[in-house]
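Data from work_18.tsv: TSV, C-alpha atoms and all ligand atoms
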```tsv
chain	number	residue	atom	x	y	z
A	7	MET	CA	85.34	75.74	86.21
A	8	ASN	CA	85.37	75.77	82.41
A	9	GLY	CA	89.00	76.76	82.28
A	10	VAL	CA	92.17	75.41	80.70
A	11	SER	CA	95.22	74.43	82.73
A	12	PHE	CA	98.88	74.11	81.84
A	13	ASN	CA	101.80	72.71	83.80
A	14	PHE	CA	105.36	73.93	83.57
A	15	THR	CA	108.30	72.22	85.22
A	16	VAL	CA	111.02	74.37	86.80
A	17	PRO	CA	114.41	72.63	87.08
A	18	GLY	CA	115.91	73.49	90.44
A	19	ASP	CA	119.56	72.90	89.75
A	20	ASP	CA	120.37	75.35	86.97
A	21	PHE	CA	120.16	79.08	87.67
A	22	THR	CA	120.93	80.02	84.06
A	23	ARG	CA	117.61	78.40	83.06
A	24	ALA	CA	115.57	80.22	85.69
A	25	GLY	CA	112.88	82.14	83.84
A	26	GLU	CA	112.33	79.66	81.03
A	27	ALA	CA	108.99	78.54	82.46
A	28	SER	CA	107.81	82.14	82.91
A	29	SER	CA	108.86	82.91	79.36
A	30	ALA	CA	106.84	79.93	78.06
A	31	ILE	CA	103.86	81.03	80.17
A	32	LYS	CA	104.07	84.57	78.82
A	33	ASN	CA	104.12	83.33	75.23
A	34	LYS	CA	101.25	80.94	75.83
A	35	LEU	CA	99.00	83.63	77.34
A	36	LYS	CA	99.90	86.07	74.56
A	37	SER	CA	98.95	83.50	71.94
A	38	MET	CA	95.60	83.00	73.69
A	39	GLY	CA	94.81	86.67	73.20
A	40	ILE	CA	94.96	87.69	76.87
A	41	PRO	CA	95.35	91.51	77.14
A	42	PRO	CA	99.05	92.54	77.18
A	43	ALA	CA	98.77	94.42	80.50
A	44	VAL	CA	97.43	91.28	82.20
A	45	VAL	CA	100.07	89.09	80.56
A	46	ARG	CA	102.77	91.44	81.87
A	47	ASN	CA	101.44	91.27	85.44
A	48	VAL	CA	101.20	87.47	85.32
A	49	ALA	CA	104.70	87.20	83.84
A	50	ILE	CA	106.29	89.39	86.51
A	51	ALA	CA	104.53	87.62	89.39
A	52	VAL	CA	105.35	84.15	88.08
A	53	TYR	CA	108.96	85.05	87.27
A	54	GLU	CA	109.58	86.27	90.83
A	55	GLY	CA	108.17	82.98	92.08
A	56	GLU	CA	110.18	80.90	89.63
A	57	ILE	CA	113.41	82.63	90.67
A	58	ASN	CA	112.54	81.92	94.32
A	59	MET	CA	111.98	78.24	93.51
A	60	VAL	CA	115.47	78.04	92.06
A	61	ILE	CA	117.49	80.13	94.52
A	62	HIS	CA	115.74	79.52	97.86
A	63	ALA	CA	113.99	76.15	97.69
A	64	PRO	CA	117.07	73.89	97.44
A	65	GLY	CA	118.89	73.07	100.66
A	66	ASN	CA	118.81	70.95	103.79
A	67	GLY	CA	118.65	67.87	101.59
A	68	ARG	CA	115.60	69.17	99.72
A	69	PRO	CA	115.50	69.71	95.96
A	70	GLY	CA	114.73	73.06	94.38
A	71	GLY	CA	112.51	73.78	91.44
A	72	GLY	CA	108.97	72.52	91.17
A	73	ILE	CA	105.79	72.82	89.16
A	74	ILE	CA	103.92	75.91	88.01
A	75	THR	CA	100.27	75.42	87.09
A	76	ILE	CA	98.43	78.12	85.19
A	77	THR	CA	94.65	78.01	84.88
A	78	VAL	CA	92.91	80.38	82.50
A	79	GLU	CA	89.21	81.00	83.08
A	80	PRO	CA	86.97	83.68	81.57
A	81	GLU	CA	87.20	85.83	84.70
A	82	ALA	CA	90.72	85.21	86.02
A	83	ILE	CA	94.13	83.63	85.64
A	84	THR	CA	95.26	81.46	88.54
A	85	MET	CA	98.92	80.62	89.15
A	86	VAL	CA	100.01	77.90	91.53
A	87	LEU	CA	103.74	77.54	92.24
A	88	GLU	CA	104.60	74.43	94.17
A	89	ASP	CA	107.99	73.26	95.35
A	90	LYS	CA	109.18	70.47	97.60
A	91	GLY	CA	112.07	72.56	98.87
A	92	ARG	CA	113.22	73.43	102.35
A	93	GLY	CA	110.23	75.61	103.19
A	94	ILE	CA	109.99	78.95	105.00
A	95	GLU	CA	110.20	79.17	108.78
A	96	ASP	CA	108.42	82.50	109.26
A	97	VAL	CA	106.13	83.36	106.35
A	98	ASP	CA	105.05	86.73	107.80
A	99	LYS	CA	108.67	87.79	107.97
A	100	ALA	CA	109.35	86.53	104.44
A	101	MET	CA	106.49	88.71	103.18
A	102	GLN	CA	108.12	91.91	104.53
A	103	GLU	CA	109.82	94.20	102.04
A	104	GLY	CA	113.58	93.91	102.39
A	105	TYR	CA	113.58	90.61	104.29
A	106	THR	CA	115.92	88.14	102.61
A	107	THR	CA	118.06	85.16	103.50
A	108	ALA	CA	119.91	85.36	100.17
A	109	ALA	CA	123.68	85.00	100.33
A	110	ASP	CA	126.05	87.43	98.60
A	111	GLU	CA	126.44	84.93	95.74
A	112	VAL	CA	122.75	85.36	95.00
A	113	ARG	CA	123.05	89.15	95.08
A	114	ALA	CA	125.93	88.92	92.61
A	115	LEU	CA	123.40	87.30	90.27
A	116	GLY	CA	121.09	90.33	90.59
A	117	PHE	CA	118.60	88.96	93.13
A	118	GLY	CA	118.12	88.90	96.88
A	119	ALA	CA	116.71	92.32	97.80
A	120	GLY	CA	113.76	90.86	99.68
A	121	MET	CA	111.33	92.38	97.19
A	122	GLY	CA	109.99	89.33	95.37
A	123	LEU	CA	107.14	88.10	97.58
A	124	PRO	CA	105.78	91.63	98.32
A	125	ASN	CA	106.00	92.34	94.59
A	126	MET	CA	104.08	89.16	93.75
A	127	LYS	CA	101.39	90.23	96.19
A	128	ASN	CA	101.25	93.71	94.63
A	129	TYR	CA	100.84	92.36	91.14
A	130	SER	CA	98.07	89.91	92.01
A	131	ASP	CA	94.46	90.43	93.05
A	132	GLU	CA	94.49	87.40	95.35
A	133	PHE	CA	97.59	86.02	97.02
A	134	ALA	CA	98.20	83.12	99.40
A	135	ILE	CA	101.36	81.38	100.57
A	136	THR	CA	101.66	78.23	102.63
A	137	SER	CA	104.97	76.71	103.64
A	138	THR	CA	106.22	73.93	105.87
A	139	VAL	CA	109.87	73.56	106.78
A	140	GLY	CA	111.26	70.37	105.28
A	141	VAL	CA	108.17	69.84	103.11
A	142	GLY	CA	107.88	72.72	100.67
A	143	THR	CA	106.19	75.95	99.69
A	144	THR	CA	103.06	76.70	97.67
A	145	VAL	CA	102.21	80.15	96.38
A	146	THR	CA	98.77	80.72	94.84
A	147	MET	CA	97.99	83.92	92.96
A	148	LYS	CA	94.99	85.12	91.02
A	149	ILE	CA	94.78	88.01	88.58
A	150	TYR	CA	91.33	89.13	87.42
A	151	LEU	CA	90.66	89.54	83.74
A	152	ASN	CA	87.83	92.04	83.90
A	153	LYS	CA	88.86	94.95	86.07
B	25	MET	CA	111.91	118.93	79.92
B	26	ARG	CA	110.92	115.26	79.54
B	27	CYS	CA	110.68	114.08	75.97
B	28	VAL	CA	110.57	110.89	73.97
B	29	VAL	CA	113.74	109.41	72.54
B	30	THR	CA	114.34	106.39	70.34
B	31	ILE	CA	116.74	103.46	70.65
B	32	LYS	CA	118.82	105.08	67.91
B	33	ASN	CA	119.05	108.31	69.92
B	34	ILE	CA	120.30	106.36	72.93
B	35	ALA	CA	122.92	104.57	70.85
B	36	GLU	CA	124.17	107.95	69.62
B	37	LEU	CA	124.09	109.68	73.00
B	38	LEU	CA	126.05	106.91	74.72
B	39	VAL	CA	128.28	106.11	71.72
B	40	CYS	CA	127.10	102.51	71.78
B	41	ASP	CA	128.00	99.43	69.81
B	42	ILE	CA	124.74	97.87	68.69
B	43	LEU	CA	124.75	94.10	69.27
B	44	THR	CA	121.18	93.50	68.20
B	45	CYS	CA	118.39	95.92	67.32
B	46	GLU	CA	115.50	95.27	65.01
B	47	GLU	CA	113.56	98.50	65.47
B	48	PRO	CA	115.96	101.43	66.05
B	49	ASP	CA	113.11	103.93	65.77
B	50	LYS	CA	111.14	102.43	68.65
B	51	GLU	CA	110.37	105.03	71.32
B	52	ILE	CA	111.74	104.85	74.85
B	53	HIS	CA	109.73	106.53	77.61
B	54	THR	CA	111.75	105.85	80.75
B	55	ALA	CA	115.14	104.62	81.89
B	56	CYS	CA	116.40	102.56	84.82
B	57	GLY	CA	119.96	101.84	85.88
B	58	SER	CA	120.54	98.85	88.16
B	59	ASP	CA	122.55	95.70	88.74
B	60	MET	CA	119.75	94.33	90.93
B	61	MET	CA	117.05	92.62	88.91
B	62	SER	CA	114.94	92.52	92.10
B	63	ASP	CA	114.69	96.31	92.00
B	64	VAL	CA	114.01	96.38	88.28
B	65	LEU	CA	111.12	93.95	88.79
B	66	ALA	CA	109.68	96.05	91.58
B	67	PHE	CA	109.97	99.53	90.10
B	68	VAL	CA	110.28	99.73	86.32
B	69	LYS	CA	107.47	101.10	84.17
B	70	ASP	CA	106.63	100.67	80.49
B	71	GLN	CA	108.72	101.10	77.33
B	72	ALA	CA	111.91	101.42	79.26
B	73	VAL	CA	115.62	101.12	78.62
B	74	LEU	CA	117.59	99.20	81.25
B	75	LEU	CA	121.22	100.12	81.94
B	76	THR	CA	123.13	97.43	83.79
B	77	GLY	CA	126.53	95.97	84.52
B	78	LEU	CA	125.07	92.51	85.22
B	79	MET	CA	125.75	90.03	82.43
B	80	ASN	CA	123.69	86.87	83.00
B	81	PRO	CA	120.69	85.55	81.00
B	82	GLN	CA	118.33	86.69	83.76
B	83	VAL	CA	118.93	90.28	82.63
B	84	ILE	CA	117.24	89.39	79.35
B	85	ARG	CA	114.55	87.31	81.11
B	86	THR	CA	113.81	90.21	83.45
B	87	ALA	CA	113.56	92.59	80.50
B	88	GLU	CA	111.30	90.12	78.73
B	89	MET	CA	108.85	89.88	81.64
B	90	MET	CA	108.79	93.66	82.13
B	91	ASP	CA	108.38	94.47	78.41
B	92	ILE	CA	111.66	96.39	78.57
B	93	ILE	CA	112.63	96.96	74.94
B	94	CYS	CA	116.30	97.91	75.17
B	95	ILE	CA	119.26	96.94	77.36
B	96	VAL	CA	122.51	98.89	77.59
B	97	PHE	CA	125.51	97.09	79.10
B	98	VAL	CA	127.77	99.68	80.71
B	99	ARG	CA	131.55	99.90	81.18
B	100	GLY	CA	132.23	98.30	77.81
B	101	LYS	CA	131.17	94.89	79.03
B	102	MET	CA	130.51	92.29	76.36
B	103	PRO	CA	127.72	89.77	77.05
B	104	HIS	CA	128.05	86.13	76.06
B	105	GLU	CA	126.86	85.19	72.57
B	106	SER	CA	123.99	83.13	74.06
B	107	VAL	CA	122.76	86.19	75.97
B	108	ILE	CA	122.66	88.25	72.77
B	109	GLU	CA	120.86	85.41	70.98
B	110	LEU	CA	118.24	85.22	73.72
B	111	ALA	CA	117.61	88.96	73.43
B	112	LYS	CA	117.42	88.77	69.65
B	113	ASP	CA	114.89	85.98	69.89
B	114	ARG	CA	112.72	88.12	72.17
B	115	GLY	CA	113.04	91.27	70.05
B	116	ILE	CA	114.98	93.14	72.75
B	117	ALA	CA	117.68	95.56	71.57
B	118	VAL	CA	121.13	95.13	73.15
B	119	LEU	CA	123.74	97.90	73.17
B	120	THR	CA	127.08	98.33	74.90
B	121	THR	CA	128.68	101.59	75.96
B	122	LYS	CA	132.14	102.43	77.32
B	123	HIS	CA	130.53	104.87	79.77
B	124	ARG	CA	130.17	103.86	83.38
B	125	MET	CA	126.73	103.53	84.95
B	126	PHE	CA	126.71	106.97	86.60
B	127	GLU	CA	127.81	108.77	83.45
B	128	ALA	CA	125.49	106.82	81.18
B	129	CYS	CA	122.46	107.55	83.39
B	130	GLY	CA	123.48	111.21	83.67
B	131	LEU	CA	123.78	111.58	79.91
B	132	LEU	CA	120.34	110.11	79.30
B	133	TYR	CA	118.76	112.15	82.10
B	134	SER	CA	120.22	115.43	80.91
B	135	ASN	CA	118.98	114.66	77.42
B	136	GLY	CA	115.39	114.43	78.53
B	137	LEU	CA	114.79	110.84	79.58
B	138	GLY	CA	112.95	110.43	82.90
B	139	GLY	CA	113.07	107.71	85.52
B	140	GLY	CA	109.35	107.02	85.33
B	141	ALA	CA	108.76	107.97	88.96
B	142	GLY	CA	105.57	109.64	90.04
B	143	HIS	CA	103.35	108.21	87.32
C	1	LIG	N1	110.16	78.92	97.43
C	1	LIG	C1	110.84	79.25	98.56
C	1	LIG	N2	111.42	78.29	99.32
C	1	LIG	C2	112.10	78.60	100.44
C	1	LIG	N3	112.26	79.87	100.89
C	1	LIG	C3	111.70	80.86	100.17
C	1	LIG	C4	110.98	80.62	98.98
C	1	LIG	N4	110.54	81.81	98.49
C	1	LIG	C5	110.99	82.75	99.34
C	1	LIG	N5	111.68	82.21	100.36
C	1	LIG	C6	112.27	82.93	101.53
C	1	LIG	O1	111.63	84.18	101.67
C	1	LIG	C7	112.58	85.25	101.59
C	1	LIG	C8	111.96	86.44	100.91
C	1	LIG	O2	111.66	86.15	99.54
C	1	LIG	P1	111.55	87.34	98.48
C	1	LIG	O3	111.26	86.77	97.15
C	1	LIG	O4	110.62	88.37	99.00
C	1	LIG	O5	113.00	88.01	98.53
C	1	LIG	P2	114.36	87.43	97.93
C	1	LIG	O6	114.08	86.34	96.97
C	1	LIG	O7	115.26	87.11	99.06
C	1	LIG	O8	114.94	88.68	97.13
C	1	LIG	P3	114.35	89.23	95.73
C	1	LIG	O9	113.04	88.55	95.49
C	1	LIG	O10	114.22	90.70	95.94
C	1	LIG	O11	115.35	88.88	94.70
C	1	LIG	C9	113.76	84.64	100.85
C	1	LIG	O12	114.97	85.31	101.11
C	1	LIG	C10	113.75	83.21	101.39
C	1	LIG	O13	114.32	83.14	102.66
C	2	MG	MG	112.62	86.55	95.44
```
Starting from the coordinates I provided, produce the structure as structure tokens.
Ligand SMILES: Nc1ncnc2c1ncn2[C@@H]1O[C@H](COP(=O)(O)OP(=O)(O)OP(=O)(O)O)[C@@H](O)[C@H]1O
Ligand SMILES: [Mg+2]
Amino acid sequence: MNGVSFNFTVPGDDFTRAGEASSAIKNKLKSMGIPPAVVRNVAIAVYEGEINMVIHAPGNGRPGGGIITITVEPEAITMVLEDKGRGIEDVDKAMQEGYTTAADEVRALGFGAGMGLPNMKNYSDEFAITSTVGVGTTVTMKIYLNK
Amino acid sequence: MRCVVTIKNIAELLVCDILTCEEPDKEIHTACGSDMMSDVLAFVKDQAVLLTGLMNPQVIRTAEMMDIICIVFVRGKMPHESVIELAKDRGIAVLTTKHRMFEACGLLYSNGLGGGAGH
């Protein structure tokens, strides 16, 4: 594991700031000389996850937002998105294209088509999600550098 | 026939006001019209122009992640100053047109810009 790791905090209470962490991650990877096509895939996957952390995680007395950890190794970039939000009851259902619990207010903001999680899976080479209701959700994704 | 157009061409075709644009001669390969950023994130390809009626900062963030190089706000909508600043900072061109979404997309399509499907 001779990689470098970075943490980014996602505030859960301010939708207008959603995407700031992904933007910082994109810039960081660019400055490290990671190939643009890989940076784009990482950015899209992480951004979908960041938006989810802000719009879905808060509720039932749980805070939204969380921590994104990016680890860059010679062979892959690993992204771990961790929130202590309300969690997902049925993860298999959440992974289906078109499944969403988003309210109309969320759709008015341009999100809530039920495409995010499937899209994150598409953009990554390895994908795992674990979630416990009332505890939180962790999404782990890996994108290979030498394909 | 599909052909390559520039940001400047788009501004002319749609009679746009240019709010920020550093490289008017940059080439656009595909176009996408949507108010749903979810769909944009799932379907848009490279070097695209995004037409939208949505006005929040996440439009710019979405464009940034997707490497979308130009955004056209339809129906004469004027984004907030902070939204324009964000785009400027990221080198994304921002235009506004009086045309509605359907007309704006139709004009670009009939002038040779594709939707990027089937690639
Ligand atoms: N971090 C999270 N915490 C709690 N629930 C989540 C979280 N991420 C996703 N979900 C649940 O999974 C569903 C599907 O998520 P997904 O990202 O695929 O779609 P969406 O966010 O609803 O819409 P889109 O991503 O297209 O804007 C959400 O509607 C929500 O119920
Ligand atoms: Mg989502």
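Minimum atom-to-atom distances from B:Val28, B:Leu132, B:Leu43, B:Leu119 to Val98 (chain B) were compared using all atoms listed in the file, and the lowest value belongs to B:Leu119.
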| message | Neighbours of ligand LIG 1 (chain C) at 8 Å or closer, counting all atoms listed in the file: which residues, as a ChimeraX atom specification? | response | /A:54-55,57-64,70,88-89,91-94,97,99-108,113,116-125,137,142-144 /B:60-63
| Nearest candidate to ligand MG 2 (chain C) (options B:Val29, B:Met102, B:Ile34, B:Ala66; using all atoms listed in the file) | B:Ala66
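Minimum atom-to-atom distance to chain B, evaluated using only C-alpha atoms, belongs to A:Asn128 out of A:Asn128, A:Ser11, A:Thr84, A:Ser37.
Across the structure, CA of Asp96 (chain A) and CA of Gly140 (chain A) are spaced 13.1 Å apart.
Distances here use only C-alpha atoms and all ligand atoms; by that measure, the residue among A:Arg23, A:Lys127, A:Lys90, A:Lys148 closest to ligand MG 2 (chain C) is A:Lys127.
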| query | Counting only C-alpha atoms, which residues from chain B have an atom at most 10 Å from any atom of chain A, and could you show them as a count of residues only? | reply | 26
| note | Expressed in Å, the length from CA of Ile42 (chain B) to CA of Thr120 (chain B) is 6.7 Å
